[in-house]
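Trainee: Handing over my_file-v2.txt, compact mmCIF, C-alpha atoms and all ligand atoms.
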```txt
# COMPACT_ATOMS: atom_id res chain seq x y z
CA MET A 51 2.64 -20.44 -7.53
CA GLU A 52 -0.75 -18.71 -7.49
CA ALA A 53 -1.61 -15.68 -5.37
CA ILE A 54 -4.68 -13.73 -4.26
CA LEU A 55 -4.30 -9.97 -3.96
CA LEU A 56 -6.73 -8.17 -1.64
CA VAL A 57 -7.56 -4.82 -3.20
CA GLY A 58 -11.19 -4.16 -2.25
CA GLY A 59 -10.72 -1.63 0.55
CA GLN A 60 -11.93 1.96 0.23
CA GLY A 61 -8.67 3.58 1.34
CA THR A 62 -10.57 6.11 3.47
CA ARG A 63 -7.45 7.19 5.38
CA LEU A 64 -5.95 8.34 2.09
CA ARG A 65 -8.76 10.65 1.03
CA PRO A 66 -8.86 12.87 -0.99
CA LEU A 67 -6.29 10.86 -3.02
CA THR A 68 -8.59 7.82 -3.08
CA ILE A 69 -11.77 9.66 -4.11
CA SER A 70 -11.07 9.00 -7.78
CA THR A 71 -8.42 6.26 -7.61
CA PRO A 72 -8.33 3.17 -5.36
CA LYS A 73 -5.32 3.08 -3.02
CA PRO A 74 -3.52 0.23 -4.87
CA LEU A 75 -3.61 2.23 -8.13
CA LEU A 76 -2.19 5.50 -6.78
CA PRO A 77 0.93 6.53 -8.71
CA THR A 78 3.90 5.56 -6.54
CA ALA A 79 7.43 6.21 -7.79
CA GLY A 80 6.04 6.78 -11.27
CA VAL A 81 3.80 3.69 -11.64
CA ALA A 82 0.63 2.32 -10.03
CA PHE A 83 1.40 1.13 -6.49
CA LEU A 84 0.46 -2.44 -7.41
CA ALA A 85 3.07 -2.56 -10.17
CA HIS A 86 5.74 -2.85 -7.48
CA GLN A 87 3.84 -5.67 -5.76
CA LEU A 88 3.23 -7.53 -9.04
CA ALA A 89 6.87 -7.26 -10.10
CA ARG A 90 8.11 -8.40 -6.70
CA ALA A 91 5.60 -11.29 -6.62
CA ARG A 92 6.85 -12.41 -10.04
CA ALA A 93 10.43 -12.33 -8.76
CA ALA A 94 9.33 -14.57 -5.85
CA GLY A 95 7.93 -17.21 -8.22
CA VAL A 96 4.27 -16.18 -8.54
CA ASP A 97 2.95 -16.63 -12.08
CA ARG A 98 -0.81 -16.16 -11.65
CA ILE A 99 -2.68 -13.68 -9.46
CA VAL A 100 -6.38 -13.45 -8.65
CA PHE A 101 -7.38 -9.88 -7.79
CA ALA A 102 -10.08 -9.76 -5.09
CA THR A 103 -11.76 -6.46 -5.92
CA SER A 104 -14.76 -4.50 -4.68
CA TYR A 105 -14.37 -0.68 -4.50
CA ARG A 106 -13.98 0.63 -8.09
CA ALA A 107 -13.40 -2.92 -9.32
CA GLU A 108 -13.42 -2.04 -13.05
CA MET A 109 -10.38 0.23 -12.71
CA PHE A 110 -8.03 -2.68 -11.89
CA GLU A 111 -8.69 -4.61 -15.07
CA ALA A 112 -8.44 -1.38 -17.07
CA ALA A 113 -5.03 -0.72 -15.49
CA PHE A 114 -3.42 -4.16 -15.83
CA GLY A 115 -5.43 -6.31 -18.31
CA ASP A 116 -4.87 -10.06 -18.32
CA ARG A 117 -1.09 -10.04 -18.02
CA ALA A 118 1.40 -7.60 -16.47
CA TYR A 119 4.97 -7.83 -15.20
CA GLY A 120 5.14 -11.45 -16.34
CA VAL A 121 2.10 -12.53 -14.27
CA ASP A 122 -1.26 -13.81 -15.57
CA LEU A 123 -4.08 -11.84 -13.96
CA VAL A 124 -7.69 -12.78 -13.17
CA TYR A 125 -10.33 -10.57 -11.52
CA VAL A 126 -13.03 -11.62 -9.07
CA SER A 127 -15.28 -8.87 -7.76
CA GLU A 128 -17.58 -8.74 -4.75
CA ASP A 129 -20.94 -6.98 -5.16
CA GLU A 130 -20.78 -5.99 -1.52
CA PRO A 131 -17.41 -6.01 0.28
CA LEU A 132 -17.01 -9.43 1.95
CA GLY A 133 -14.20 -8.46 4.33
CA THR A 134 -10.68 -9.85 4.07
CA GLY A 135 -11.64 -13.49 4.77
CA GLY A 136 -14.77 -13.43 2.64
CA ALA A 137 -12.76 -11.90 -0.19
CA ILE A 138 -10.14 -14.66 0.00
CA ARG A 139 -12.84 -17.34 -0.05
CA ASN A 140 -14.68 -15.66 -2.93
CA ALA A 141 -11.51 -15.20 -5.01
CA SER A 142 -10.43 -18.80 -4.43
CA ARG A 143 -13.07 -19.85 -7.02
CA ALA A 144 -10.58 -18.76 -9.66
CA LEU A 145 -7.60 -20.76 -8.33
CA THR A 146 -6.42 -23.72 -10.39
CA CYS A 147 -3.89 -25.35 -8.02
CA GLY A 148 -4.26 -28.60 -6.03
CA ALA A 149 -5.73 -28.95 -2.51
CA ASP A 150 -2.37 -29.12 -0.73
CA ASP A 151 -0.58 -26.49 -2.80
CA PRO A 152 0.55 -23.23 -1.19
CA VAL A 153 -1.36 -20.06 -2.17
CA LEU A 154 0.14 -16.67 -1.44
CA ILE A 155 -2.29 -14.03 -0.09
CA LEU A 156 -1.23 -10.39 -0.19
CA ASN A 157 -2.73 -7.25 1.32
CA GLY A 158 -2.76 -4.75 -1.53
CA ASP A 159 -1.14 -1.84 0.29
CA ILE A 160 2.15 -3.32 1.49
CA LEU A 161 5.72 -2.70 0.37
CA SER A 162 7.86 -5.52 1.66
CA GLY A 163 11.38 -6.67 0.98
CA HIS A 164 10.98 -9.97 2.84
CA ASP A 165 12.01 -13.31 1.36
CA VAL A 166 8.71 -14.83 0.15
CA GLN A 167 10.43 -18.04 -0.95
CA ALA A 168 11.83 -18.57 2.56
CA GLN A 169 8.31 -18.04 3.94
CA VAL A 170 6.94 -20.70 1.59
CA GLU A 171 9.79 -23.07 2.51
CA LEU A 172 8.99 -22.72 6.22
CA HIS A 173 5.30 -23.35 5.43
CA GLU A 174 6.10 -26.60 3.58
CA LYS A 175 8.68 -27.82 6.10
CA ALA A 176 6.21 -27.31 8.97
CA ALA A 177 3.35 -28.84 6.95
CA ALA A 178 1.36 -25.80 8.09
CA GLU A 179 -2.19 -24.78 7.22
CA VAL A 180 -1.20 -21.13 7.17
CA THR A 181 2.14 -19.30 7.51
CA LEU A 182 2.09 -15.57 8.22
CA HIS A 183 4.85 -13.09 7.58
CA LEU A 184 5.45 -11.27 10.86
CA THR A 185 7.49 -8.13 11.44
CA VAL A 186 7.97 -5.75 14.36
CA ALA A 187 6.25 -2.38 14.84
CA ASP A 188 6.81 0.51 17.25
CA ASP A 189 3.04 0.76 17.77
CA PRO A 190 1.60 -2.77 17.48
CA SER A 191 -1.88 -1.55 18.50
CA ARG A 192 -2.44 -0.32 14.93
CA PHE A 193 -1.94 -3.80 13.48
CA GLY A 194 -2.67 -7.45 14.09
CA CYS A 195 -0.61 -8.46 17.15
CA VAL A 196 0.74 -12.00 16.71
CA PRO A 197 2.63 -13.81 19.50
CA THR A 198 4.51 -17.02 18.63
CA GLY A 199 5.94 -19.90 20.69
CA GLU A 200 9.52 -21.17 20.67
CA ASP A 201 8.69 -23.52 17.81
CA GLY A 202 7.51 -20.59 15.69
CA ARG A 203 3.84 -21.54 15.99
CA VAL A 204 1.36 -18.69 16.26
CA THR A 205 -0.31 -18.81 19.68
CA ALA A 206 -2.88 -16.00 19.24
CA PHE A 207 -4.06 -13.35 16.79
CA LEU A 208 -5.22 -10.06 18.30
CA GLU A 209 -6.40 -7.56 15.68
CA LYS A 210 -5.87 -3.90 16.64
CA THR A 211 -5.85 -4.54 20.36
CA SER A 212 -5.24 -1.72 22.85
CA HIS A 213 -3.27 -4.22 24.96
CA PRO A 214 -0.66 -5.77 22.63
CA VAL A 215 1.26 -8.64 24.21
CA THR A 216 4.23 -8.33 21.84
CA ASN A 217 5.46 -5.86 19.22
CA GLN A 218 5.41 -8.67 16.65
CA ILE A 219 2.72 -7.90 14.06
CA ASN A 220 0.94 -9.37 11.07
CA ALA A 221 2.69 -8.02 7.97
CA GLY A 222 -0.20 -8.81 5.60
CA CYS A 223 1.36 -11.62 3.52
CA TYR A 224 0.14 -15.19 4.12
CA VAL A 225 0.78 -18.62 2.67
CA PHE A 226 -2.42 -20.69 2.86
CA ARG A 227 -2.71 -24.37 2.10
CA ARG A 228 -5.33 -24.32 -0.66
CA SER A 229 -7.69 -26.55 1.36
CA ALA A 230 -7.45 -24.24 4.41
CA ILE A 231 -9.17 -21.51 2.39
CA ASP A 232 -12.22 -23.81 2.10
CA THR A 233 -12.70 -23.64 5.89
CA ILE A 234 -13.81 -19.98 5.45
CA PRO A 235 -17.63 -19.80 5.10
CA GLU A 236 -18.83 -18.96 1.59
CA ASP A 237 -20.76 -15.80 0.58
CA GLU A 238 -20.47 -14.24 4.03
CA VAL A 239 -18.71 -11.20 5.39
CA VAL A 240 -15.68 -12.65 7.19
CA SER A 241 -12.57 -11.01 8.65
CA VAL A 242 -9.50 -13.20 8.21
CA GLU A 243 -7.89 -11.33 11.12
CA ARG A 244 -10.81 -11.38 13.60
CA GLU A 245 -12.40 -14.71 12.68
CA THR A 246 -10.39 -17.06 10.45
CA PHE A 247 -6.99 -16.87 12.18
CA PRO A 248 -8.37 -17.08 15.76
CA SER A 249 -10.57 -20.05 14.85
CA LEU A 250 -7.77 -21.90 13.04
CA ILE A 251 -5.53 -21.42 16.09
CA ALA A 252 -8.30 -22.53 18.48
CA SER A 253 -8.90 -25.67 16.40
CA GLY A 254 -5.25 -26.71 16.83
CA ALA A 255 -4.31 -26.20 13.16
CA VAL A 256 -0.61 -25.55 12.53
CA VAL A 257 -0.33 -21.79 11.96
CA MET A 258 3.29 -20.68 11.63
CA GLY A 259 4.96 -17.28 11.95
CA TYR A 260 7.71 -16.42 9.50
CA VAL A 261 9.54 -13.58 11.24
CA GLU A 262 11.58 -11.23 9.10
CA ALA A 263 12.01 -7.57 9.96
CA GLY A 264 13.52 -6.06 6.81
CA TYR A 265 12.02 -3.21 4.78
CA TRP A 266 8.26 -3.16 5.40
CA LEU A 267 5.61 -0.46 5.06
CA ASP A 268 1.81 -0.31 4.98
CA VAL A 269 1.07 2.70 2.74
CA GLY A 270 -2.45 3.18 4.13
CA THR A 271 -1.88 6.69 5.57
CA PRO A 272 -0.78 9.85 3.72
CA GLU A 273 2.55 10.00 5.59
CA ALA A 274 3.29 6.35 4.80
CA PHE A 275 2.23 6.74 1.17
CA VAL A 276 4.70 9.61 0.62
CA ARG A 277 7.40 7.69 2.54
CA GLY A 278 6.91 4.57 0.40
CA SER A 279 7.12 6.45 -2.88
CA CYS A 280 10.30 8.24 -1.78
CA ASP A 281 11.88 5.03 -0.45
CA LEU A 282 11.36 3.37 -3.84
CA VAL A 283 12.88 6.35 -5.68
CA LEU A 284 15.83 6.42 -3.25
CA GLY A 285 16.35 2.67 -3.72
CA LYS A 286 15.70 1.73 -0.07
CA LEU A 287 13.49 -1.03 -1.48
CA ALA A 288 14.46 -2.37 -4.89
CA SER A 289 11.56 -2.69 -7.32
CA PRO A 290 11.78 -4.15 -10.83
CA ALA A 291 8.85 -1.86 -11.74
CA MET A 292 10.67 1.41 -11.00
CA PRO A 293 10.80 3.43 -14.26
CA GLY A 294 14.39 4.65 -13.81
CA ASP A 295 17.47 4.21 -11.65
CA PRO A 296 17.32 4.95 -7.93
CA GLY A 297 18.41 8.45 -6.96
CA GLU A 298 17.43 11.69 -5.25
CA ARG A 299 14.56 12.23 -7.66
CA LEU A 300 12.54 10.57 -10.39
CA THR A 301 11.52 12.86 -13.24
CA LEU A 302 8.90 11.47 -15.62
CA PRO A 303 8.77 12.31 -19.34
CA GLY A 304 7.58 15.84 -20.08
CA ALA A 305 8.31 17.12 -16.56
CA ASN A 306 10.02 20.49 -16.42
CA VAL A 307 12.30 21.09 -13.41
CA SER A 308 14.18 24.39 -13.53
CA PRO A 309 17.95 24.10 -13.06
CA GLY A 310 17.44 26.76 -10.40
CA ALA A 311 15.14 24.52 -8.31
CA VAL A 312 16.12 22.06 -5.57
CA VAL A 313 14.28 18.73 -5.91
CA ARG A 314 15.46 15.75 -3.86
CA GLY A 315 14.75 13.30 -1.04
CA GLY A 316 13.15 10.75 -3.37
CA THR A 317 10.67 13.17 -4.92
CA THR A 318 8.77 12.07 -8.03
CA VAL A 319 7.94 14.76 -10.58
CA GLY A 320 5.06 13.57 -12.76
CA ARG A 321 4.45 13.94 -16.47
CA ASN A 322 4.21 17.58 -17.58
CA ALA A 323 4.63 18.76 -13.99
CA VAL A 324 6.58 22.00 -13.51
CA VAL A 325 8.95 23.14 -10.73
CA GLU A 326 10.09 26.74 -11.20
CA ALA A 327 13.43 28.34 -10.32
CA GLY A 328 14.02 29.03 -6.65
CA ALA A 329 11.47 26.41 -5.55
CA THR A 330 12.43 23.61 -3.15
CA VAL A 331 10.71 20.21 -3.24
CA LEU A 332 11.84 17.59 -0.71
CA GLY A 333 10.57 14.02 -0.22
CA SER A 334 7.30 14.59 -2.05
CA VAL A 335 5.07 13.18 -4.77
CA LEU A 336 4.06 15.51 -7.60
CA LEU A 337 1.53 13.86 -9.88
CA ASP A 338 1.06 14.67 -13.54
CA GLU A 339 0.63 18.35 -14.41
CA ALA A 340 1.30 19.56 -10.85
CA PHE A 341 2.88 23.01 -10.62
CA VAL A 342 5.23 24.52 -8.01
CA ALA A 343 5.90 28.22 -8.53
CA GLU A 344 9.10 30.18 -7.88
CA GLY A 345 10.26 30.41 -4.30
CA ALA A 346 7.73 27.87 -2.98
CA THR A 347 8.76 25.12 -0.56
CA VAL A 348 7.09 21.69 -0.62
CA ARG A 349 8.13 19.00 1.85
CA ASP A 350 6.71 15.51 2.64
CA SER A 351 3.60 16.35 0.62
CA VAL A 352 1.47 15.05 -2.25
CA LEU A 353 0.30 17.29 -5.10
CA SER A 354 -2.40 15.44 -7.03
CA ARG A 355 -2.97 15.81 -10.72
CA GLY A 356 -2.96 19.46 -11.82
CA ALA A 357 -2.58 20.85 -8.26
CA ARG A 358 -0.82 24.23 -8.05
CA VAL A 359 1.34 25.86 -5.38
CA GLY A 360 1.78 29.64 -5.75
CA PRO A 361 4.97 31.70 -5.37
CA GLY A 362 6.55 31.63 -1.93
CA ALA A 363 3.94 29.26 -0.44
CA ILE A 364 5.09 26.65 2.09
CA LEU A 365 3.65 23.12 2.32
CA ASP A 366 4.87 20.62 4.91
CA GLY A 367 3.08 17.27 5.28
CA VAL A 368 0.11 18.33 3.15
CA ILE A 369 -2.12 16.57 0.60
CA LEU A 370 -3.55 18.59 -2.29
CA GLY A 371 -6.41 16.97 -4.21
CA ASP A 372 -6.73 17.11 -8.00
CA ALA A 373 -6.52 20.68 -9.35
CA ALA A 374 -6.43 22.24 -5.86
CA VAL A 375 -4.74 25.65 -5.82
CA VAL A 376 -2.71 27.16 -2.98
CA GLY A 377 -2.34 30.90 -3.54
CA PRO A 378 0.94 32.78 -3.06
CA GLY A 379 2.32 33.12 0.45
CA ASN A 380 0.15 30.50 2.20
CA GLU A 381 1.73 28.27 4.81
CA LEU A 382 0.09 24.84 5.26
CA ARG A 383 1.35 22.14 7.61
CA ASP A 384 0.85 18.95 9.58
CA GLY A 385 -1.50 16.65 7.75
CA LEU A 386 -3.70 19.34 6.22
CA ARG A 387 -5.69 18.06 3.23
CA VAL A 388 -7.12 20.29 0.52
CA TRP A 389 -10.03 18.73 -1.40
CA PRO A 390 -10.03 18.60 -5.22
CA GLY A 391 -10.65 21.90 -6.96
CA ILE A 392 -10.50 24.02 -3.79
CA GLU A 393 -8.64 27.33 -4.24
CA LEU A 394 -6.98 29.08 -1.33
CA PRO A 395 -6.51 32.78 -2.10
CA ALA A 396 -3.17 34.54 -1.71
CA THR A 397 -2.21 35.80 1.73
CA ALA A 398 -1.45 39.51 1.56
CA VAL A 399 0.65 39.53 4.71
CA ARG A 400 2.40 36.63 6.41
CA PHE A 401 1.90 37.04 10.14
CA SER A 402 4.91 36.39 12.32
CA THR A 403 4.94 35.41 15.99
CA ASP A 404 8.41 36.94 16.37
CA ALA A 405 8.39 40.02 18.61
N1 LIG B 501 -11.65 -7.60 -1.75
C1 LIG B 501 -11.70 -7.03 -0.56
N2 LIG B 501 -12.88 -6.96 0.12
N3 LIG B 501 -10.55 -6.51 -0.06
C2 LIG B 501 -10.60 -5.90 1.15
C3 LIG B 501 -11.79 -5.79 1.90
C4 LIG B 501 -13.01 -6.37 1.34
O1 LIG B 501 -14.10 -6.32 1.90
N4 LIG B 501 -11.51 -5.15 3.05
C5 LIG B 501 -10.18 -4.85 3.03
N5 LIG B 501 -9.63 -5.30 1.88
C6 LIG B 501 -8.22 -5.21 1.47
C7 LIG B 501 -7.66 -3.80 1.43
O2 LIG B 501 -7.81 -3.25 0.14
C8 LIG B 501 -6.20 -4.02 1.80
O3 LIG B 501 -5.41 -4.34 0.66
C9 LIG B 501 -6.23 -5.25 2.70
O4 LIG B 501 -7.48 -5.89 2.47
C10 LIG B 501 -6.08 -4.90 4.18
O5 LIG B 501 -7.03 -3.90 4.52
P1 LIG B 501 -6.57 -2.57 5.28
O6 LIG B 501 -7.78 -1.73 5.42
O7 LIG B 501 -5.37 -1.98 4.66
O8 LIG B 501 -6.23 -3.17 6.72
P2 LIG B 501 -5.23 -2.61 7.83
O9 LIG B 501 -4.02 -2.03 7.21
O10 LIG B 501 -6.00 -1.75 8.75
O11 LIG B 501 -4.84 -3.97 8.62
C11 LIG B 501 -4.43 -5.13 7.93
O12 LIG B 501 -3.07 -5.01 7.53
C12 LIG B 501 -2.12 -4.89 8.61
C13 LIG B 501 -0.73 -4.80 7.98
O13 LIG B 501 -0.61 -3.67 7.24
C14 LIG B 501 -4.59 -6.34 8.86
O14 LIG B 501 -4.33 -7.50 8.08
C15 LIG B 501 -3.64 -6.27 10.05
O15 LIG B 501 -3.70 -7.46 10.82
C16 LIG B 501 -2.20 -6.10 9.54
O16 LIG B 501 -1.30 -5.95 10.66
MG MG B 502 -3.42 -1.51 5.31
```
Please rewrite the model in this file as structure tokens.
Ligand code: GDD
Ligand code: MG
Mentor:
Amino acid sequence: MEAILLVGGQGTRLRPLTISTPKPLLPTAGVAFLAHQLARARAAGVDRIVFATSYRAEMFEAAFGDRAYGVDLVYVSEDEPLGTGGAIRNASRALTCGADDPVLILNGDILSGHDVQAQVELHEKAAAEVTLHLTVADDPSRFGCVPTGEDGRVTAFLEKTSHPVTNQINAGCYVFRRSAIDTIPEDEVVSVERETFPSLIASGAVVMGYVEAGYWLDVGTPEAFVRGSCDLVLGKLASPAMPGDPGERLTLPGANVSPGAVVRGGTTVGRNAVVEAGATVLGSVLLDEAFVAEGATVRDSVLSRGARVGPGAILDGVILGDAAVVGPGNELRDGLRVWPGIELPATAVRFSTDA
């Protein structure tokens, strides 16, 4: 089976991590995020993938070349971003399959344990034009809200609506009949969510929902990105691309974790990164050459390449850009982001609200 992978987005919600690296290439459990998607796609029977790129297009080919994880890879770039639907249409130029064959379409920021083969089987059995993987979300307003009828047919597609009619959402993995892709206008900016799906449904085409609510995560926000990396390390989602066995932590070659440090919760310690004695690192991502000094505490955070945390500093839910430095004694929390190269000086006194 052939697939199209949508990887042209700018990943703005993940800045400053995505200033230098597109979201799908961010190191996640020791390898580029997409490695997990490629390896899982291969396991589901995909043998050729067309990358639909736009933002920093050249970096994808440099990362994966023409074959990776047992899948042949082709790259089709948009000069200007064409939106999700326009990107699918544009990338379809590189498909080689027949008009009625199923094509898998994947959002490039999803970790999913769902059964892709079962989704394809439902698609074929229903002779559908499109079959969407649907899951459930606590807050459906952040996603595409997708109600279905008793027969499993999709009855509406409401992208990011403030009035969701169900908590069933679009999980970002579609099977398209090859010829259904040709109904998307060529060389135009088109949203598959706001235009293509609603118009297919309105035209009476068979659009099916494949509902499976297993492990699923969109890694588009900093919190979700850290969660996804840790879940892979902990083995909550199996990935053939994981460079090591599941466990409390993944330590890459050249990393130096003191025996007197506590590092767990699915933390990845990157190449040549250092965690000193007395430091605690929980559920975090330390990229290559990151440094955590003695007595520091880092939780649910990302330290980009070469970022440094000084002695006794506390980070909780924080993103440090490349080579950012947090001086001794600082306490940073709750979604704070430090841009690359910024240095926060040491705090002389830590103020306490205790009487
Ligand atoms: N090539 C290309 N060109 N790719 C694009 C473009 C474009 O113009 N715009 C977005 N993409 C890619 C992104 O890189 C990402 O992999 C995918 O399309 C989806 O874009 P996101 O920006 O991540 O969308 P979202 O997370 O807000 O919403 C989408 O995913 C949800 C599930 O996570 C929608 O499909 C929702 O309906 C869905 O629920
Ligand atoms: Mg997304």
Trainee: Taking all atoms listed in the file and a cut-off of 12 Å, can you tell me which residues surround ligand MG 502 (chain B), written as a count of residues only?
Mentor: 35
Trainee: A:Val126, A:Ile231, A:Leu284, A:Ala113: which is nearest ligand LIG 501 (chain B), counting only C-alpha atoms and all ligand atoms?
Mentor: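 Under the stated criterion, the closest residue is A:Val126.
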Trainee: With distances taken over all atoms listed in the file, which of A:Ala177, A:Ala102, A:Leu250, A:Val342 is nearest to Leu132 (chain A)?
Mentor: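 Checking each candidate against Leu132 (chain A), we get A:Ala102 as the closest.
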Trainee: Calculate how many Å separate CA of Val100 (chain A) from CA of Val335 (chain A), rounding to one decimal.
Mentor: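 Going from CA of Val100 (chain A) over to CA of Val335 (chain A) covers 29.2 Å.
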Trainee: Between A:Ile138, A:Leu154, A:Val121, A:Ala329, single out the one closest to Glu243 (chain A), counting all atoms listed in the file.
Mentor: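 Looking at the shortest contact to Glu243 (chain A), the residue is A:Ile138.
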Trainee: With a distance cut-off of 7 Å and all atoms listed in the file, select the neighbouring residues of region 346-354 of chain A, excluding the residue or stretch itself and same-chain residues fewer than 4 positions from it, and output the selection as a VMD selection string.
Mentor: chain A and resid 276 329 to 337 340 342 360 to 372
Trainee: If you count only C-alpha atoms, which residues fall within 7 Å of Leu84 (chain A), apart from same-chain ones fewer than 3 positions away, as an MDAnalysis selection string?
Mentor: chainID A and resid 74:75 87:88
Trainee: With distances taken over all atoms listed in the file, which residue among A:Arg355, A:Thr185, A:Val240, A:Gly345 lies nearest Pro378 (chain A)?
Mentor: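 Result for the nearest residue to Pro378 (chain A): A:Gly345.
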Trainee: Using all atoms listed in the file for the distances, tell me which of A:Ala149, A:Ala137, A:Val204, A:Leu282 is nearest to ligand LIG 501 (chain B).
Mentor: A:Ala137
Trainee: Please put the answer as AutoDock Vina command-line options: centre and edge lengths, in Å with one decimal, of a box along x, y and z that encloses all listed atoms of ligand LIG 501 (chain B) plus 5 Å on each side.
Mentor:
```
--center_x -7.4 --center_y -4.7 --center_z 4.5 --size_x 23.5 --size_y 15.9 --size_z 22.6
```
Trainee: Return the single residue from A:Ser142, A:Leu67, A:Gly80, A:Gly278 that is closest to Thr301 (chain A), with distances computed using only C-alpha atoms.
Mentor: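 Under the stated criterion, the closest residue is A:Gly80.
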Trainee: Contacts of Thr211 (chain A) at 10 Å or less, counting all atoms listed in the file, minus same-chain residues fewer than 3 places along, as a PDB file with C-alpha atoms, in the coordinates of the input?
Mentor:
```pdb
ATOM      1  CA  PRO A 190       1.600  -2.770  17.480  1.00  0.00           C
ATOM      2  CA  SER A 191      -1.880  -1.550  18.500  1.00  0.00           C
ATOM      3  CA  ARG A 192      -2.440  -0.320  14.930  1.00  0.00           C
ATOM      4  CA  PHE A 193      -1.940  -3.800  13.480  1.00  0.00           C
ATOM      5  CA  GLY A 194      -2.670  -7.450  14.090  1.00  0.00           C
ATOM      6  CA  CYS A 195      -0.610  -8.460  17.150  1.00  0.00           C
ATOM      7  CA  PHE A 207      -4.060 -13.350  16.790  1.00  0.00           C
ATOM      8  CA  LEU A 208      -5.220 -10.060  18.300  1.00  0.00           C
ATOM      9  CA  PRO A 214      -0.660  -5.770  22.630  1.00  0.00           C
ATOM     10  CA  VAL A 215       1.260  -8.640  24.210  1.00  0.00           C
TER      11      VAL A 215
END
```
Trainee: Give me, please, the distance in Å between CA of Val388 (chain A) and CA of Glu326 (chain A), quoted to one decimal.
Mentor: 21.8 Å
Trainee: State, in Å with one decimal place, the distance from atom O7 of ligand LIG 501 (chain B) to CA of Gly148 (chain A).
Mentor: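 Distance reported for this atom pair: 28.7 Å.
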Trainee: Could you list, as a ChimeraX atom specification, every residue within 10 Å of Asp188 (chain A), counting all atoms listed in the file and ignoring same-chain residues fewer than 4 positions away?
Mentor: /A:192,217-219
Trainee: Mind checking which residues fall within 10 Å of Ser249 (chain A), counting only C-alpha atoms, ignoring those fewer than 6 positions away in the same chain, and posting them as an MDAnalysis selection string?
Mentor: chainID A and resid 206:207 233:234 242:243 255
Trainee: Just C-alpha atoms for this one: save the residues we selected as a PDB file, keeping the file's coordinate frame.
Mentor:
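Listing of result.pdb after writing:
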```pdb
ATOM      1  CA  ALA A 206      -2.880 -16.000  19.240  1.00  0.00           C
ATOM      2  CA  PHE A 207      -4.060 -13.350  16.790  1.00  0.00           C
ATOM      3  CA  THR A 233     -12.700 -23.640   5.890  1.00  0.00           C
ATOM      4  CA  ILE A 234     -13.810 -19.980   5.450  1.00  0.00           C
ATOM      5  CA  VAL A 242      -9.500 -13.200   8.210  1.00  0.00           C
ATOM      6  CA  GLU A 243      -7.890 -11.330  11.120  1.00  0.00           C
ATOM      7  CA  ALA A 255      -4.310 -26.200  13.160  1.00  0.00           C
TER       8      ALA A 255
END
```
